[in-house]
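Below is one structure, written out as structure tokens; the observations come after it.
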Amino acid sequence: MQPAASPAALDPCNRCSSPVEHGDLRCAVCGLTTPVVESRTSAEKIEFLRCDGCGAAVSYDVKAQAPKCSFCDSVMHVESPEDPAEEAGAYLPFQIDSQAATEGMRAWLGTLGFFRPKDLQTSATVGELKPLWWVGWVFDAEVLVSWAADSEVGSRRSRWAPHAGQQHVHFQRILVPASRGLSLDECTAISGGYQLATQGPPPQPQPGTLIERFDVQRSAARKAIADTLTRAATAQAKDWVPGSRMRKLKVAVLPKRLSSDRLGFPAYVLAYRYHGKLYRAVVNGQDASLVVGNAPYSIGRIAAVIGLIAAIIAIILLLSTR
Amino acid sequence: MSAISEFSCESCGSLVQVEAHLRTAACPYCASPAVIERPLEAGRPAPLFVLGFVVPHERALAEARRWIRRRWFVPEALRKAKVESIRGIYVPSYLFSAAADASYTAQIGENYTETYTTTNSKGQTVTRTRTRTEWRSLSGRYAAYVSDIVVTASRGISNHELEGVEPFDLRALHRYTPRLLSGWIAEEASLPAEQCRELAVSESMTEIQRRVAAHLPGDKQRNLQVQAHLNDIEQELLLVPVYVLPVRYGDDEVVRILVNGQTAKVHSKLPRSWTKITVIIILVVILAAIGGYLATRS
Ligand SMILES: [Zn+2]
Ligand SMILES: [Zn+2]
């Protein structure tokens, strides 16, 4: 294994200018080969592979997927494609304390609407409050987006007419959650309020504070980023399709300078109790107004509305049959 | 440059000859494997990447046997032929990538429903609906990377044959090292790089055409014309793992079956038995005749 601390940064990709990481054989964005570090052999030479253990000749073994000695079963090391586990490079600091987070959650309970219990905000008892850093990527890319779609503009007998176009977009600071503890929806709901400029070194581990680790390898990370890039381009392209109705929107992307950072994002996870049942809310650790979570519904209020609607329908029916 | 290299075996000292188109050899006396590193001056490109064998010999053999048994239209002698010898060969190929910039024009079909009146079997006038297509022209641009094109660099295996066992899993790419070849046969690139590049360009064009077709909106499409330019082209030599099985049958006839050494996908261009096909056509005709006869009677 190579030591984790990587030496000098590598030159960016010659074709798409995206950063290349140590251990990459090809550019993950465009497929261009990375430069070979060691020089290639220039003289004819014959190599016999000898087992380090017993000195017998060694052949490539299918099951080990490496050269293996058939006498003593020892396997020789070959340089395999590197796919290391990802680690967060920087962390955003907490900018609100636990009290502000609790208040933020209470304020949020008051905004959930008519179908929630009337006393939810006052009767909820806040239990455990856990600070944590969840992990994710933030990427930048200059992308040439080609799109095609049907819309109502220019349509004749059919409701649809085809349209196509191509535009440059500079995506900046697009967040891709990688959290295992929080759901994708939870992360997305609170991700708007983070100040990405406040990056700092890894926090000191403290009891009760969870620092999430990336649970993915580099290849999976790149796939997640590529998928998000296509989704972001599709969302952007919706603005370019003329008209108000559209269907069959497709995009193709040609990214350049696609670079990503691995970050830790602060959040509070709160458990609260209402009439004996436990619910969970997540508060952005930098902005108490961004809260997401689950909350009880008021059965009484929902039943009242259904009853009311049923009564109205009954009255209408009664009047119409007269 | 002589066609044959010689080396003396390190294990038993005997003089072993290696054909110029191979990169590896085994001593015929003691079976010690050896790998030959040829100089770049020989005019042959050095491999940059290798995909290692994942499928063991026995499984490749079993897959090939199963595959051939399921082929109905091949001569019976071939289906019953014994498949015994099997060799794993590192086949030279080029891994090709480029940035594609394309413009296209096409006719896009947009469906609509139309109501019309007609008379039914009882002579009454009825209103019905039918789906019709309105054709609109669309032109646009398409830009993307093509990065996983693999074409043969071997005179022994045609690009068509290699396509038959593709795709290879490029995530398992290794930087070339002779260690991965030890004990296996590795062939040198024997096709000129320019010829392979032409193959790769044409494969890329097909790929872009396919992608643009999938990109277009509408319910139908026709007359798709794609003009593509490939920029920043790169091709690097890659050794891919392929099992080759020559199958002997009948009066000394031979066909060749290929098995992907990574995925066990089987391919071969097998001869058809015209006797079998004729028999089946006759059977179908007889059945159709009986069916028609029964239908008219009822
Ligand atoms: Zn690149
Ligand atoms: Zn020997």
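Following the order of the structure tokens, chains are lettered A, B, ..., residues in each are numbered from 1, and ligands are numbered from 1.
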Subject >> Distance filter 7 Å around ligand 1, atoms: only C-alpha atoms and all ligand atoms, out as a ChimeraX atom specification >> reply: /A:13-18,27-32
**OP:** With a distance cut-off of 8 Å and only C-alpha atoms, select the neighbouring residues of Asn260 in chain B, excluding the residue or stretch itself and same-chain residues fewer than 6 positions from it, and output the selection as a PyMOL selection string.
**Re:** chain B and resi 165-166+168+241-243+266
Restricting it to all heavy atoms, dump the selection as an mmCIF file, in the first residue's frame.
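Wrote part-v7.cif, looks like this:
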```cif
data_model
loop_
_atom_site.group_PDB
_atom_site.id
_atom_site.type_symbol
_atom_site.label_atom_id
_atom_site.label_comp_id
_atom_site.auth_asym_id
_atom_site.auth_seq_id
_atom_site.Cartn_x
_atom_site.Cartn_y
_atom_site.Cartn_z
ATOM 1 N N VAL B 165 -17.085 -10.339 -28.003
ATOM 2 C CA VAL B 165 -16.908 -10.677 -26.584
ATOM 3 C C VAL B 165 -16.833 -9.432 -25.698
ATOM 4 O O VAL B 165 -16.727 -9.528 -24.485
ATOM 5 C CB VAL B 165 -15.665 -11.570 -26.321
ATOM 6 C CG1 VAL B 165 -15.854 -12.930 -26.952
ATOM 7 C CG2 VAL B 165 -14.390 -10.906 -26.792
ATOM 8 N N GLU B 166 -16.901 -8.234 -26.315
ATOM 9 C CA GLU B 166 -16.912 -7.017 -25.506
ATOM 10 C C GLU B 166 -18.258 -6.902 -24.802
ATOM 11 O O GLU B 166 -19.228 -7.525 -25.238
ATOM 12 C CB GLU B 166 -16.673 -5.793 -26.411
ATOM 13 C CG GLU B 166 -15.187 -5.558 -26.707
ATOM 14 C CD GLU B 166 -14.983 -4.347 -27.620
ATOM 15 O OE1 GLU B 166 -15.513 -3.277 -27.267
ATOM 16 O OE2 GLU B 166 -14.328 -4.483 -28.650
ATOM 17 N N PHE B 168 -15.372 -5.138 -22.024
ATOM 18 C CA PHE B 168 -14.458 -5.469 -20.938
ATOM 19 C C PHE B 168 -14.709 -4.486 -19.804
ATOM 20 O O PHE B 168 -15.148 -3.361 -20.039
ATOM 21 C CB PHE B 168 -13.008 -5.355 -21.419
ATOM 22 C CG PHE B 168 -12.636 -6.441 -22.386
ATOM 23 C CD1 PHE B 168 -12.710 -6.222 -23.756
ATOM 24 C CD2 PHE B 168 -12.241 -7.688 -21.919
ATOM 25 C CE1 PHE B 168 -12.393 -7.232 -24.650
ATOM 26 C CE2 PHE B 168 -11.926 -8.701 -22.811
ATOM 27 C CZ PHE B 168 -11.997 -8.473 -24.174
ATOM 28 N N PRO B 241 -7.845 -9.867 -21.849
ATOM 29 C CA PRO B 241 -7.812 -11.320 -21.644
ATOM 30 C C PRO B 241 -8.889 -12.039 -22.449
ATOM 31 O O PRO B 241 -10.071 -11.787 -22.266
ATOM 32 C CB PRO B 241 -8.088 -11.460 -20.146
ATOM 33 C CG PRO B 241 -8.946 -10.277 -19.813
ATOM 34 C CD PRO B 241 -8.581 -9.175 -20.772
ATOM 35 N N VAL B 242 -8.459 -12.923 -23.342
ATOM 36 C CA VAL B 242 -9.412 -13.658 -24.184
ATOM 37 C C VAL B 242 -8.989 -15.128 -24.234
ATOM 38 O O VAL B 242 -7.816 -15.439 -24.410
ATOM 39 C CB VAL B 242 -9.442 -13.084 -25.629
ATOM 40 C CG1 VAL B 242 -10.388 -13.888 -26.505
ATOM 41 C CG2 VAL B 242 -9.827 -11.618 -25.628
ATOM 42 N N TYR B 243 -9.943 -16.019 -24.034
ATOM 43 C CA TYR B 243 -9.681 -17.441 -24.248
ATOM 44 C C TYR B 243 -10.022 -17.787 -25.684
ATOM 45 O O TYR B 243 -11.059 -17.365 -26.194
ATOM 46 C CB TYR B 243 -10.540 -18.304 -23.326
ATOM 47 C CG TYR B 243 -10.060 -18.338 -21.906
ATOM 48 C CD1 TYR B 243 -10.708 -17.614 -20.917
ATOM 49 C CD2 TYR B 243 -8.963 -19.109 -21.544
ATOM 50 C CE1 TYR B 243 -10.273 -17.649 -19.602
ATOM 51 C CE2 TYR B 243 -8.513 -19.152 -20.233
ATOM 52 C CZ TYR B 243 -9.177 -18.423 -19.262
ATOM 53 O OH TYR B 243 -8.743 -18.462 -17.982
ATOM 54 N N VAL B 266 -19.288 -15.383 -24.529
ATOM 55 C CA VAL B 266 -18.802 -16.250 -25.603
ATOM 56 C C VAL B 266 -19.190 -15.670 -26.959
ATOM 57 O O VAL B 266 -20.270 -15.096 -27.114
ATOM 58 C CB VAL B 266 -19.403 -17.668 -25.469
ATOM 59 C CG1 VAL B 266 -18.804 -18.612 -26.485
ATOM 60 C CG2 VAL B 266 -19.197 -18.201 -24.062
#
```
Original post:
CA of Ile149 in chain B and CA of Glu207 in chain B are how many Å apart?
Top reply: 9.0 Å
**OP:** Figure out the distance between CA of Pro271 in chain B and CA of Ala60 in chain B, please, to one decimal in Å.
**Re:** 21.2 Å
**OP:** Find the spatial neighbours of range 137-146 of chain A, counting only C-alpha atoms, within a cut-off of 10 Å - ignore same-chain residues fewer than 2 positions away - and output them as a PyMOL selection string.
**Re:** (chain A and resi 16+18+88-89+135+148+164-178+196+214+221-222+224-225+228-230+233-234+236-237+250-264) or (chain B and resi 140-144+215)
**OP:** Using DSSP on the backbone, list every residue of range 15-258 of chain A that comes out as helix (DSSP H, G or I), and give them as a PyMOL selection string.
**Re:** chain A and resi 98-109+120-123+184-193+196-198+218-237
Original post:
What's the 7 Å shell around Thr105 in chain B, counting only C-alpha atoms, without same-chain residues fewer than 5 positions away, as a list in words?
Top reply: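 Neighbouring residues, sequence-local ones excluded: Leu138, Ser139, Gly140, Leu224, Gln225 and Val226 of chain B.
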Take the residues that were just selected and, keeping C-alpha atoms, output them as a PDB file, in the first residue's frame.
```pdb
ATOM      1  CA  LEU B 138     -34.902  19.346 -35.765  1.00  0.00           C
ATOM      2  CA  SER B 139     -31.257  20.291 -35.856  1.00  0.00           C
ATOM      3  CA  GLY B 140     -28.916  20.707 -32.928  1.00  0.00           C
ATOM      4  CA  LEU B 224     -30.922  11.105 -38.516  1.00  0.00           C
ATOM      5  CA  GLN B 225     -27.733  12.656 -39.914  1.00  0.00           C
ATOM      6  CA  VAL B 226     -24.821  13.166 -37.525  1.00  0.00           C
TER       7      VAL B 226
END
```
Original post:
Looking at B:Ser204, B:Gln209, B:Gln195, B:Gln235, which one is nearest to chain A, with distances taken over only C-alpha atoms?
Top reply: B:Gln235
